[in-house]
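Chemist: File structure_30.cif follows (mmCIF, C-alpha atoms (C1' of nucleotides)):
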```cif
data_start
loop_
_atom_site.label_atom_id
_atom_site.label_comp_id
_atom_site.auth_asym_id
_atom_site.auth_seq_id
_atom_site.Cartn_x
_atom_site.Cartn_y
_atom_site.Cartn_z
CA MET A 27 -129.67 -166.29 -107.36
CA SER A 28 -129.48 -164.74 -110.83
CA LYS A 29 -132.66 -163.62 -112.53
CA LYS A 30 -132.02 -166.12 -115.29
CA GLN A 31 -131.97 -168.95 -112.77
CA ARG A 32 -135.10 -167.65 -111.08
CA LEU A 33 -136.87 -167.51 -114.43
CA LEU A 34 -135.79 -171.06 -115.23
CA GLU A 35 -137.12 -172.46 -111.96
CA ALA A 36 -140.42 -170.61 -112.12
CA ALA A 37 -140.82 -171.67 -115.76
CA THR A 38 -140.24 -175.30 -114.80
CA TYR A 39 -143.02 -175.05 -112.26
CA LEU A 40 -145.42 -173.31 -114.63
CA PHE A 41 -144.77 -175.52 -117.66
CA ALA A 42 -145.16 -178.59 -115.46
CA THR A 43 -148.37 -177.57 -113.74
CA LYS A 44 -150.13 -175.61 -116.51
CA GLY A 45 -148.55 -176.84 -119.73
CA PHE A 46 -146.80 -174.93 -122.52
CA LYS A 47 -149.69 -173.05 -124.07
CA ASP A 48 -151.36 -172.17 -120.78
CA THR A 49 -148.19 -170.64 -119.39
CA SER A 50 -147.92 -166.98 -120.31
CA MET A 51 -144.63 -165.14 -120.33
CA ALA A 52 -146.28 -162.16 -118.66
CA GLU A 53 -147.32 -164.40 -115.78
CA LEU A 54 -143.80 -165.82 -115.54
CA ALA A 55 -142.32 -162.32 -115.45
CA LYS A 56 -144.75 -161.19 -112.76
CA MET A 57 -144.07 -164.33 -110.70
CA THR A 58 -140.30 -163.70 -110.68
CA GLY A 59 -140.63 -159.95 -110.19
CA THR A 60 -139.04 -159.05 -113.51
CA ALA A 61 -140.19 -156.98 -116.48
CA GLY A 62 -141.78 -158.76 -119.44
CA GLY A 63 -138.84 -158.05 -121.71
CA THR A 64 -136.30 -159.70 -119.39
CA VAL A 65 -137.55 -163.16 -120.26
CA PHE A 66 -136.70 -162.56 -123.91
CA TYR A 67 -133.34 -161.10 -123.08
CA HIS A 68 -132.25 -164.42 -121.56
CA PHE A 69 -134.24 -166.76 -123.81
CA LYS A 70 -134.83 -165.96 -127.46
CA THR A 71 -138.30 -167.48 -127.65
CA LYS A 72 -140.82 -169.25 -125.44
CA GLU A 73 -139.80 -172.53 -127.07
CA ASP A 74 -136.13 -171.86 -126.29
CA LEU A 75 -137.09 -171.29 -122.67
CA TYR A 76 -138.94 -174.60 -122.67
CA LEU A 77 -135.89 -176.41 -124.05
CA ALA A 78 -133.71 -174.80 -121.38
CA VAL A 79 -136.17 -176.04 -118.75
CA LEU A 80 -136.18 -179.54 -120.18
CA GLU A 81 -132.38 -179.64 -120.29
CA ASP A 82 -132.18 -178.48 -116.70
CA VAL A 83 -134.65 -181.18 -115.65
CA LYS A 84 -132.70 -183.80 -117.59
CA ILE A 85 -129.41 -182.87 -115.93
CA ARG A 86 -130.86 -182.96 -112.42
CA LEU A 87 -132.82 -186.14 -113.08
CA VAL A 88 -129.91 -188.09 -114.54
CA GLU A 89 -127.68 -186.85 -111.75
CA ALA A 90 -130.11 -188.01 -109.06
CA PHE A 91 -130.57 -191.47 -110.54
CA GLU A 92 -126.95 -192.19 -111.43
CA SER A 93 -125.37 -190.90 -108.24
CA TYR A 94 -127.61 -193.12 -106.12
CA PHE A 95 -126.16 -196.33 -107.52
CA GLU A 96 -122.53 -195.15 -107.60
CA GLY A 97 -120.36 -197.38 -105.46
CA LYS A 98 -123.36 -199.19 -103.97
CA THR A 99 -123.67 -202.95 -103.99
CA PHE A 100 -126.76 -205.06 -103.41
CA THR A 101 -127.38 -208.58 -102.20
CA SER A 102 -128.99 -209.43 -105.54
CA GLY A 103 -130.03 -208.00 -108.90
CA PHE A 104 -133.61 -208.20 -107.81
CA GLU A 105 -132.91 -206.17 -104.70
CA ARG A 106 -131.47 -203.55 -107.01
CA VAL A 107 -134.74 -203.50 -108.94
CA GLU A 108 -136.62 -202.94 -105.69
CA ARG A 109 -134.28 -200.06 -104.76
CA ALA A 110 -134.74 -198.58 -108.26
CA ILE A 111 -138.52 -198.58 -107.84
CA GLU A 112 -138.20 -197.01 -104.41
CA LEU A 113 -135.84 -194.38 -105.79
CA TYR A 114 -138.20 -193.58 -108.64
CA LEU A 115 -141.17 -193.16 -106.31
CA TYR A 116 -139.03 -191.10 -103.95
CA GLN A 117 -137.94 -188.77 -106.74
CA VAL A 118 -141.55 -188.38 -107.86
CA GLY A 119 -142.48 -187.47 -104.29
CA VAL A 120 -139.73 -184.88 -103.92
CA HIS A 121 -139.76 -183.38 -107.43
CA GLU A 122 -143.27 -184.14 -108.61
CA TYR A 123 -143.32 -181.24 -111.06
CA ARG A 124 -140.38 -182.64 -113.01
CA PHE A 125 -142.34 -185.78 -113.74
CA ARG A 126 -145.49 -183.81 -114.49
CA LEU A 127 -143.49 -182.05 -117.17
CA LEU A 128 -142.62 -185.44 -118.67
CA HIS A 129 -146.21 -186.62 -118.35
CA ARG A 130 -147.45 -183.88 -120.69
CA GLN A 131 -147.76 -184.35 -124.42
CA TYR A 132 -145.95 -181.19 -125.41
CA PRO A 133 -142.34 -182.43 -125.22
CA TYR A 134 -143.14 -185.51 -127.32
CA ALA A 135 -144.92 -183.43 -129.94
CA LEU A 136 -141.99 -180.99 -130.00
CA ALA A 137 -139.54 -183.89 -130.30
CA GLN A 138 -141.12 -184.79 -133.64
CA GLU A 139 -139.78 -181.62 -135.23
CA ASN A 140 -136.98 -180.53 -132.92
CA ASP A 141 -133.86 -182.68 -132.70
CA ASP A 142 -132.58 -181.06 -129.51
CA CYS A 143 -135.81 -181.92 -127.77
CA ARG A 144 -135.75 -185.47 -129.12
CA LYS A 145 -132.21 -185.91 -127.85
CA LEU A 146 -133.14 -184.68 -124.38
CA LEU A 147 -136.09 -187.07 -124.13
CA GLU A 148 -133.97 -189.95 -125.37
CA ASP A 149 -131.38 -189.23 -122.71
CA ILE A 150 -134.01 -189.09 -119.99
CA TYR A 151 -135.74 -192.29 -121.03
CA SER A 152 -132.57 -194.28 -121.53
CA CYS A 153 -131.47 -193.20 -118.05
CA LEU A 154 -134.77 -194.40 -116.59
CA THR A 155 -134.94 -197.71 -118.42
CA ASP A 156 -131.24 -198.38 -117.84
CA LEU A 157 -132.10 -198.19 -114.16
CA PHE A 158 -134.05 -201.44 -114.53
CA ASP A 159 -132.11 -202.83 -117.46
CA ARG A 160 -128.83 -202.94 -115.50
CA ALA A 161 -130.46 -204.45 -112.44
CA ILE A 162 -132.02 -207.17 -114.59
CA THR A 163 -128.66 -208.01 -116.16
CA ILE A 164 -127.11 -208.40 -112.73
CA GLY A 165 -130.07 -210.42 -111.49
CA LYS A 166 -129.80 -212.79 -114.42
CA HIS A 167 -126.21 -213.54 -113.44
CA ASP A 168 -126.84 -214.08 -109.75
CA GLY A 169 -130.01 -216.09 -110.40
CA SER A 170 -132.40 -213.71 -108.67
CA ILE A 171 -134.13 -212.79 -111.94
CA VAL A 172 -135.54 -215.02 -114.68
CA GLU A 173 -133.98 -215.23 -118.18
CA THR A 174 -135.74 -212.49 -120.22
CA ALA A 175 -135.31 -209.91 -122.95
CA ASN A 176 -133.72 -207.18 -120.83
CA ARG A 177 -134.85 -204.04 -122.58
CA LYS A 178 -138.42 -205.18 -123.10
CA THR A 179 -138.81 -206.39 -119.54
CA ALA A 180 -137.29 -203.15 -118.28
CA LEU A 181 -139.88 -201.22 -120.30
CA ILE A 182 -142.73 -203.31 -118.89
CA ILE A 183 -141.53 -202.70 -115.34
CA PHE A 184 -141.10 -199.01 -116.06
CA SER A 185 -144.59 -198.82 -117.61
CA MET A 186 -146.04 -200.39 -114.52
CA VAL A 187 -144.27 -198.10 -112.06
CA ASP A 188 -144.87 -194.94 -114.08
CA GLY A 189 -148.49 -195.96 -114.69
CA VAL A 190 -149.12 -196.08 -110.95
CA VAL A 191 -147.49 -192.65 -110.59
CA ARG A 192 -149.89 -191.34 -113.24
CA LEU A 193 -152.94 -192.73 -111.46
CA ASN A 194 -151.75 -190.64 -108.55
CA THR A 195 -151.10 -187.36 -110.40
CA TYR A 196 -154.43 -187.61 -112.21
CA ASN A 197 -156.15 -188.08 -108.84
CA LEU A 198 -157.58 -191.44 -109.90
CA TYR A 199 -156.00 -193.48 -107.11
CA HIS A 200 -153.71 -192.83 -104.18
CA ALA A 201 -150.36 -194.33 -105.19
CA ALA A 202 -149.15 -195.00 -101.66
CA THR A 203 -151.76 -197.70 -101.14
CA LEU A 204 -150.63 -199.46 -104.31
CA ILE A 205 -146.90 -199.67 -103.56
CA GLU A 206 -147.06 -203.08 -101.91
CA GLU A 207 -149.02 -204.56 -104.83
CA LEU A 208 -146.64 -202.86 -107.22
CA THR A 209 -143.47 -204.39 -105.81
CA ASN A 210 -145.26 -207.72 -105.45
CA ALA A 211 -146.20 -207.63 -109.12
CA CYS A 212 -142.63 -206.79 -110.11
CA ARG A 213 -141.33 -209.66 -107.98
CA LYS A 214 -143.62 -212.10 -109.76
CA VAL A 215 -142.72 -210.81 -113.21
CA LEU A 216 -139.00 -211.08 -112.51
CA ALA A 217 -138.78 -214.12 -110.24
CA PRO A 218 -137.08 -217.18 -111.71
CA PRO A 219 -139.42 -220.21 -112.11
CA HIS A 220 -139.86 -222.79 -109.28
CA SER A 221 -138.29 -220.67 -106.58
CA GLU A 222 -141.11 -219.34 -104.44
CA GLU A 223 -139.78 -217.60 -101.38
CA MET B 6 -175.32 -186.34 -140.74
CA SER B 7 -176.35 -183.23 -138.86
CA LYS B 8 -173.95 -180.35 -138.57
CA LYS B 9 -173.97 -180.76 -134.80
CA GLN B 10 -172.79 -184.35 -135.16
CA ARG B 11 -170.12 -183.33 -137.67
CA LEU B 12 -168.89 -180.68 -135.27
CA LEU B 13 -168.75 -183.18 -132.44
CA GLU B 14 -166.70 -185.68 -134.41
CA ALA B 15 -164.27 -183.11 -135.77
CA ALA B 16 -163.89 -181.64 -132.29
CA THR B 17 -163.10 -185.09 -130.88
CA TYR B 18 -160.32 -185.47 -133.41
CA LEU B 19 -158.92 -182.00 -132.82
CA PHE B 20 -159.08 -182.07 -129.02
CA ALA B 21 -157.43 -185.50 -129.04
CA THR B 22 -154.60 -184.68 -131.43
CA LYS B 23 -153.93 -181.04 -130.53
CA GLY B 24 -155.32 -180.60 -127.03
CA PHE B 25 -157.88 -178.13 -125.68
CA LYS B 26 -155.98 -174.88 -125.87
CA ASP B 27 -154.40 -175.59 -129.24
CA THR B 28 -157.74 -176.31 -130.88
CA SER B 29 -159.35 -173.15 -132.23
CA MET B 30 -163.05 -172.89 -132.87
CA ALA B 31 -162.37 -171.11 -136.16
CA GLU B 32 -160.32 -174.10 -137.30
CA LEU B 33 -163.10 -176.47 -136.23
CA ALA B 34 -165.67 -174.43 -138.16
CA LYS B 35 -163.51 -174.38 -141.28
CA MET B 36 -162.89 -178.12 -141.02
CA THR B 37 -166.60 -178.91 -140.94
CA GLY B 38 -167.54 -176.33 -143.55
CA THR B 39 -169.62 -174.21 -141.19
CA ALA B 40 -169.55 -170.58 -140.12
CA GLY B 41 -167.78 -169.61 -136.93
CA GLY B 42 -171.02 -168.75 -135.17
CA THR B 43 -172.59 -172.17 -135.75
CA VAL B 44 -170.31 -173.80 -133.20
CA PHE B 45 -171.68 -171.50 -130.51
CA TYR B 46 -175.24 -172.03 -131.63
CA HIS B 47 -174.96 -175.73 -130.76
CA PHE B 48 -172.53 -175.50 -127.84
CA LYS B 49 -172.60 -172.56 -125.48
CA THR B 50 -168.87 -172.43 -124.83
CA LYS B 51 -165.69 -174.22 -125.88
CA GLU B 52 -165.71 -176.02 -122.55
CA ASP B 53 -169.29 -177.20 -123.12
CA LEU B 54 -168.21 -178.58 -126.48
CA TYR B 55 -165.37 -180.41 -124.78
CA LEU B 56 -167.74 -181.97 -122.25
CA ALA B 57 -170.06 -183.08 -125.07
CA VAL B 58 -167.06 -184.67 -126.77
CA LEU B 59 -166.01 -186.45 -123.59
CA GLU B 60 -169.54 -187.72 -122.99
CA ASP B 61 -169.75 -189.03 -126.54
CA VAL B 62 -166.42 -190.80 -126.12
CA LYS B 63 -167.55 -192.26 -122.81
CA ILE B 64 -170.77 -193.65 -124.29
CA ARG B 65 -169.02 -195.28 -127.25
CA LEU B 66 -166.17 -196.60 -125.12
CA VAL B 67 -168.37 -198.16 -122.46
CA GLU B 68 -170.60 -199.62 -125.18
CA ALA B 69 -167.64 -201.20 -126.97
CA PHE B 70 -166.19 -202.78 -123.82
CA GLU B 71 -169.43 -203.99 -122.26
CA SER B 72 -171.01 -205.42 -125.39
CA TYR B 73 -167.92 -207.55 -126.08
CA PHE B 74 -168.36 -209.61 -122.92
CA GLU B 75 -172.16 -209.88 -123.11
CA GLY B 76 -173.20 -213.51 -123.28
CA LYS B 77 -169.62 -214.70 -123.81
CA THR B 78 -168.06 -217.40 -121.63
CA PHE B 79 -164.39 -218.25 -121.24
CA THR B 80 -162.49 -221.37 -120.25
CA SER B 81 -161.07 -219.51 -117.24
CA GLY B 82 -160.95 -216.18 -115.49
CA PHE B 83 -157.40 -215.76 -116.68
CA GLU B 84 -158.40 -216.28 -120.29
CA ARG B 85 -160.90 -213.50 -119.79
CA VAL B 86 -158.05 -211.24 -118.62
CA GLU B 87 -156.15 -212.09 -121.78
CA ARG B 88 -159.17 -211.25 -123.94
CA ALA B 89 -159.64 -207.98 -122.03
CA ILE B 90 -156.07 -206.96 -122.80
CA GLU B 91 -156.52 -207.89 -126.45
CA LEU B 92 -159.76 -205.92 -126.58
CA TYR B 93 -158.13 -202.89 -125.02
CA LEU B 94 -155.24 -202.95 -127.47
CA TYR B 95 -157.68 -203.50 -130.34
CA GLN B 96 -159.79 -200.53 -129.31
CA VAL B 97 -156.67 -198.37 -129.06
CA GLY B 98 -155.74 -199.46 -132.57
CA VAL B 99 -159.14 -198.67 -134.06
CA HIS B 100 -159.99 -195.51 -132.11
CA GLU B 101 -156.59 -194.22 -131.11
CA TYR B 102 -157.79 -190.63 -130.85
CA ARG B 103 -160.28 -191.53 -128.08
CA PHE B 104 -157.44 -192.75 -125.91
CA ARG B 105 -155.27 -189.82 -126.84
CA LEU B 106 -158.01 -187.62 -125.45
CA LEU B 107 -157.83 -189.55 -122.19
CA HIS B 108 -154.03 -189.41 -122.17
CA ARG B 109 -154.06 -185.62 -122.05
CA GLN B 110 -153.98 -183.68 -118.78
CA TYR B 111 -156.84 -181.38 -119.63
CA PRO B 112 -159.79 -183.60 -118.63
CA TYR B 113 -158.22 -184.41 -115.25
CA ALA B 114 -157.54 -180.74 -114.54
CA LEU B 115 -161.09 -179.86 -115.55
CA ALA B 116 -162.45 -182.66 -113.34
CA GLN B 117 -161.00 -180.85 -110.31
CA GLU B 118 -163.49 -178.01 -110.71
CA ASN B 119 -166.24 -179.49 -112.86
CA ASP B 120 -168.41 -182.27 -111.40
CA ASP B 121 -169.83 -183.36 -114.77
CA CYS B 122 -166.32 -183.92 -116.05
CA ARG B 123 -165.32 -185.79 -112.92
CA LYS B 124 -168.36 -188.04 -113.25
CA LEU B 125 -167.54 -188.83 -116.88
CA LEU B 126 -163.95 -189.76 -116.06
CA GLU B 127 -165.08 -191.88 -113.12
CA ASP B 128 -167.49 -193.77 -115.38
CA ILE B 129 -164.79 -194.37 -117.98
CA TYR B 130 -162.21 -195.56 -115.49
CA SER B 131 -164.55 -197.79 -113.56
CA CYS B 132 -165.56 -199.39 -116.84
CA LEU B 133 -161.91 -200.02 -117.73
CA THR B 134 -160.84 -201.36 -114.35
CA ASP B 135 -164.02 -203.44 -114.00
CA LEU B 136 -162.89 -205.14 -117.19
CA PHE B 137 -160.01 -206.68 -115.24
CA ASP B 138 -161.68 -206.67 -111.84
CA ARG B 139 -164.48 -209.01 -112.98
CA ALA B 140 -162.12 -211.34 -114.77
CA ILE B 141 -159.98 -211.58 -111.62
CA THR B 142 -163.02 -212.42 -109.48
CA ILE B 143 -163.94 -215.22 -111.85
CA GLY B 144 -160.37 -216.44 -112.01
CA LYS B 145 -160.14 -216.57 -108.24
CA HIS B 146 -163.14 -218.92 -108.18
CA ASP B 147 -161.95 -221.26 -110.92
CA GLY B 148 -158.40 -221.30 -109.58
CA SER B 149 -156.76 -219.74 -112.65
CA ILE B 150 -155.84 -216.59 -110.72
CA VAL B 151 -154.07 -216.15 -107.40
CA GLU B 152 -155.83 -214.79 -104.28
CA THR B 153 -155.33 -210.99 -104.42
CA ALA B 154 -156.91 -207.65 -103.68
CA ASN B 155 -159.10 -207.39 -106.78
CA ARG B 156 -159.28 -203.67 -107.35
CA LYS B 157 -155.62 -203.01 -106.65
CA THR B 158 -154.44 -205.84 -108.85
CA ALA B 159 -156.82 -204.69 -111.59
CA LEU B 160 -155.27 -201.22 -111.38
CA ILE B 161 -151.75 -202.63 -111.62
CA ILE B 162 -152.68 -204.65 -114.70
CA PHE B 163 -154.40 -201.65 -116.22
CA SER B 164 -151.38 -199.42 -115.48
CA MET B 165 -149.14 -201.91 -117.23
CA VAL B 166 -151.29 -202.22 -120.35
CA ASP B 167 -152.01 -198.50 -120.63
CA GLY B 168 -148.36 -197.68 -119.95
CA VAL B 169 -147.32 -199.73 -122.96
CA VAL B 170 -149.95 -197.95 -125.07
CA ARG B 171 -148.45 -194.65 -123.95
CA LEU B 172 -144.92 -195.69 -124.90
CA ASN B 173 -146.39 -196.20 -128.34
CA THR B 174 -148.32 -192.93 -128.68
CA TYR B 175 -145.32 -190.96 -127.45
CA ASN B 176 -143.17 -192.67 -130.08
CA LEU B 177 -140.85 -194.07 -127.42
CA TYR B 178 -141.32 -197.72 -128.30
CA HIS B 179 -143.35 -199.72 -130.79
CA ALA B 180 -146.10 -201.36 -128.73
CA ALA B 181 -146.62 -204.34 -131.05
CA THR B 182 -143.20 -205.75 -130.20
CA LEU B 183 -144.02 -205.59 -126.48
CA ILE B 184 -147.36 -207.44 -126.54
CA GLU B 185 -145.87 -210.87 -125.92
CA GLU B 186 -143.87 -209.62 -122.93
CA LEU B 187 -146.94 -207.76 -121.74
CA THR B 188 -149.23 -210.80 -121.61
CA ASN B 189 -146.40 -212.86 -120.18
CA ALA B 190 -145.96 -210.36 -117.38
CA CYS B 191 -149.70 -210.36 -116.67
CA ARG B 192 -149.72 -214.15 -116.56
CA LYS B 193 -146.95 -214.15 -113.97
CA VAL B 194 -148.61 -211.50 -111.85
CA LEU B 195 -151.93 -213.34 -111.83
CA ALA B 196 -150.84 -216.98 -111.88
CA PRO B 197 -151.58 -218.98 -108.71
CA PRO B 198 -148.44 -220.27 -106.92
CA HIS B 199 -146.86 -223.67 -107.76
CA SER B 200 -148.74 -224.22 -110.97
CA GLU B 201 -146.31 -223.54 -113.81
CA GLU B 202 -147.85 -224.43 -117.12
"C1'" DC C 193 -199.06 -170.77 -149.43
"C1'" DC C 194 -198.19 -168.72 -144.86
"C1'" DT C 195 -195.95 -168.50 -140.55
"C1'" DA C 196 -193.01 -169.18 -136.93
"C1'" DA C 197 -189.45 -171.52 -134.92
"C1'" DA C 198 -185.06 -173.61 -135.58
"C1'" DA C 199 -180.73 -173.48 -137.88
"C1'" DC C 200 -177.19 -170.97 -139.68
"C1'" DT C 201 -174.16 -166.98 -141.07
"C1'" DG C 202 -170.02 -163.87 -140.94
"C1'" DA C 203 -168.53 -159.41 -139.55
"C1'" DC C 204 -167.24 -157.77 -135.32
"C1'" DT C 205 -165.30 -157.12 -130.36
"C1'" DG C 206 -162.29 -156.97 -126.57
"C1'" DA C 207 -158.95 -159.48 -124.16
"C1'" DG C 208 -154.65 -161.85 -124.06
"C1'" DC C 209 -150.75 -163.45 -126.32
"C1'" DG C 210 -145.49 -163.67 -127.87
"C1'" DC C 211 -142.21 -160.71 -128.96
"C1'" DT C 212 -139.72 -156.06 -130.11
"C1'" DC C 213 -137.22 -152.07 -129.14
"C1'" DA C 214 -135.42 -147.67 -127.71
"C1'" DG C 215 -133.75 -146.33 -123.85
"C1'" DG C 216 -132.21 -146.76 -118.76
"C1'" DT C 217 -129.33 -148.99 -115.11
"C1'" DT C 218 -125.56 -151.60 -113.18
"C1'" DA C 219 -121.00 -153.29 -112.67
"C1'" DA C 220 -116.45 -154.05 -113.72
"C1'" DA C 221 -112.35 -153.06 -116.35
"C1'" DA C 222 -109.19 -149.28 -117.90
"C1'" DT D 117 -113.48 -141.01 -113.44
"C1'" DT D 118 -114.52 -142.72 -117.91
"C1'" DT D 119 -115.84 -146.37 -120.94
"C1'" DT D 120 -118.16 -150.26 -122.39
"C1'" DA D 121 -120.66 -154.13 -122.34
"C1'" DA D 122 -124.00 -156.80 -120.03
"C1'" DC D 123 -128.36 -156.52 -117.94
"C1'" DC D 124 -132.89 -154.89 -117.42
"C1'" DT D 125 -137.23 -152.17 -118.40
"C1'" DG D 126 -142.17 -151.45 -119.86
"C1'" DA D 127 -144.86 -149.36 -123.43
"C1'" DG D 128 -146.56 -150.99 -127.42
"C1'" DC D 129 -147.27 -153.82 -131.95
"C1'" DG D 130 -149.49 -157.24 -134.65
"C1'" DC D 131 -151.99 -161.14 -134.26
"C1'" DT D 132 -155.11 -164.88 -132.67
"C1'" DC D 133 -158.69 -166.22 -130.05
"C1'" DA D 134 -163.50 -167.29 -127.76
"C1'" DG D 135 -167.63 -165.49 -127.94
"C1'" DT D 136 -171.66 -162.08 -129.71
"C1'" DC D 137 -175.29 -160.58 -132.49
"C1'" DA D 138 -178.30 -158.73 -136.01
"C1'" DG D 139 -179.81 -160.58 -139.79
"C1'" DT D 140 -180.73 -164.49 -143.37
"C1'" DT D 141 -182.05 -169.15 -144.76
"C1'" DT D 142 -184.16 -173.61 -143.91
"C1'" DT D 143 -187.55 -176.53 -142.11
"C1'" DA D 144 -191.93 -178.14 -140.85
"C1'" DG D 145 -196.77 -177.75 -139.30
"C1'" DG D 146 -201.35 -175.76 -140.39
#
```
Mind converting the file's structure to structure tokens?
Modeler:
Amino acid sequence: MSKKQRLLEAATYLFATKGFKDTSMAELAKMTGTAGGTVFYHFKTKEDLYLAVLEDVKIRLVEAFESYFEGKTFTSGFERVERAIELYLYQVGVHEYRFRLLHRQYPYALAQENDDCRKLLEDIYSCLTDLFDRAITIGKHDGSIVETANRKTALIIFSMVDGVVRLNTYNLYHAATLIEELTNACRKVLAPPHSEE
Amino acid sequence: MSKKQRLLEAATYLFATKGFKDTSMAELAKMTGTAGGTVFYHFKTKEDLYLAVLEDVKIRLVEAFESYFEGKTFTSGFERVERAIELYLYQVGVHEYRFRLLHRQYPYALAQENDDCRKLLEDIYSCLTDLFDRAITIGKHDGSIVETANRKTALIIFSMVDGVVRLNTYNLYHAATLIEELTNACRKVLAPPHSEE
DNA sequence: CCTAAAACTGACTGAGCGCTCAGGTTAAAA
DNA sequence: TTTTAACCTGAGCGCTCAGTCAGTTTTAGG
């Protein structure tokens, strides 16, 4: 693997676990076994490195979420919602640090002044909400999901799922024990009226 | 107001809006019109100052939430849930910076190694979840809320509400336009079966 | 008014930071 | 083998920061 790639991966880990300010470029260099100057040969500034990390995360994240649904069909729109939640929790389990990166304030603060950063975050969040948005649209057609404002409902569902993930990362509650309640809650929010299973 | 109090308030604002590392004690001193050394006369270290800030926030937060329900009665447990959500959103509106402080990673990282910090966070979060927990207990008795695992359901509701607040602070979505969907979703999650209004 | 403690000051320190740069190494094309 | 460009190095620069301290001012009790 090229040194640039090694730097990018180590930086992802450090930015995610320690944050932007608390990650020092000297530490990153030491961690990857390179000289301090090498970092700045590949990335002009620390901020540039961060943007490269965020872009890398975006690409991998979008890939993972979109490829899962390619060519798949489900018995109902609601089932697709359930699979989306499962997929989200699975991705968090496997690539926790990517979501930690997104759970920090830094990218959102940077997005206020940096258009590239704003664009990356927009892409990530529209990918994530589309996940639920699309499933809701399908569910509305096949009758498995109640008539609602798609985008808003998708955001509520996303808030709920991501909120539980946060409780877990902040060590406030073990997410695994909440999954059943979580999907139950989603079912109730989305279920069409007068059709208890 | 004493200089110590002025320092505490300015520090709350700075820690909340800029984070721990990005807040400099020189900046804090300048902001409050004091000399650099004064900060360290009142608070031994930067971390001590942070803990004082967090304790202050805890006291005010718990006060605000507990005093609201003192002596009040509601037509149903579910109505109490609705009022709790309103109160939470109102508090976020009035004292946004206090919640920003809690939406940062720093306190949770500190809690891993500092017992005082962990205790403060525990107190804050049990106050917030109790808000919903108690209302659910009442609602289960008066029949306005479905039979559920109290704590877990309270956490789901809290995740949902706080998640929407986060969408707002991160400038991803304007919370006000989601409030109706939010309470609707809570109603569906908590409503007892076969009793559509 | 005197005294002593409490409150406050600001110049200073040493450590750590992002970033630069002059020069060295590697690898592939000519 | 020579050339050239891409890659890599680490000492070092300028700056910011949390924290110190010797000394000054303010406050309050006797």
Chemist: Would you write out, as a ChimeraX atom specification, every residue that the PyMOL selection byres ((chain A) within 8 of (chain D)) captures in this file?
Modeler: /A:61-64
Chemist: Applied to the shown file, which residues does the PyMOL selection byres ((chain C) within 9 of (chain A)) return, written as a PDB file with C-alpha atoms (C1' of nucleotides), in the coordinates of the input?
Modeler:
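Produced file expr-v3.pdb, reproduced below:
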```
ATOM      1  C1'  DC C 209    -150.750-163.450-126.320  1.00  0.00           C
ATOM      2  C1'  DG C 210    -145.490-163.670-127.870  1.00  0.00           C
ATOM      3  C1'  DC C 211    -142.210-160.710-128.960  1.00  0.00           C
ATOM      4  C1'  DT C 212    -139.720-156.060-130.110  1.00  0.00           C
TER       5       DT C 212
END
```
Chemist: At a cut-off of 6 Å, list the chain B residues touching chain A, using only C-alpha atoms, as number ranges by chain.
Modeler: B: 113, 164-165, 168, 175, 190, 193-194
Chemist: Hey, can you check how far atom CA of Leu59 of chain B sits from atom CA of Cys122 of chain B?
Modeler: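 Computed distance, atom CA of Leu59 of chain B to atom CA of Cys122 of chain B, equals 8.0 Å.
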Chemist: Could you please give me, as a ChimeraX atom specification, the residues of protein, DNA or RNA lying at most 12 Å from (-135.5, -167.8, -110.4) in the coordinate frame of the file, considering only C-alpha atoms (C1' of nucleotides)?
Modeler: /A:27-39,54-60,65,79
Chemist: Care to translate the PyMOL selection byres ((chain A and resi 103) around 10) into actual residues of this file, as a PyMOL selection string?
Modeler: chain A and resi 99-102+104-109+158+160-171
Chemist: Please indicate the distance in Å from atom CA of Cys132 of chain B to atom CA of Glu71 of chain B, rounded to one decimal place.
Modeler: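 These two atoms are separated by 8.1 Å.
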Chemist: Enter the distance from atom CA of Leu157 of chain A to atom CA of Val83 of chain A, in Å, rounded to one decimal.
Modeler: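 Separating atom CA of Leu157 of chain A from atom CA of Val83 of chain A is a distance of 17.3 Å.
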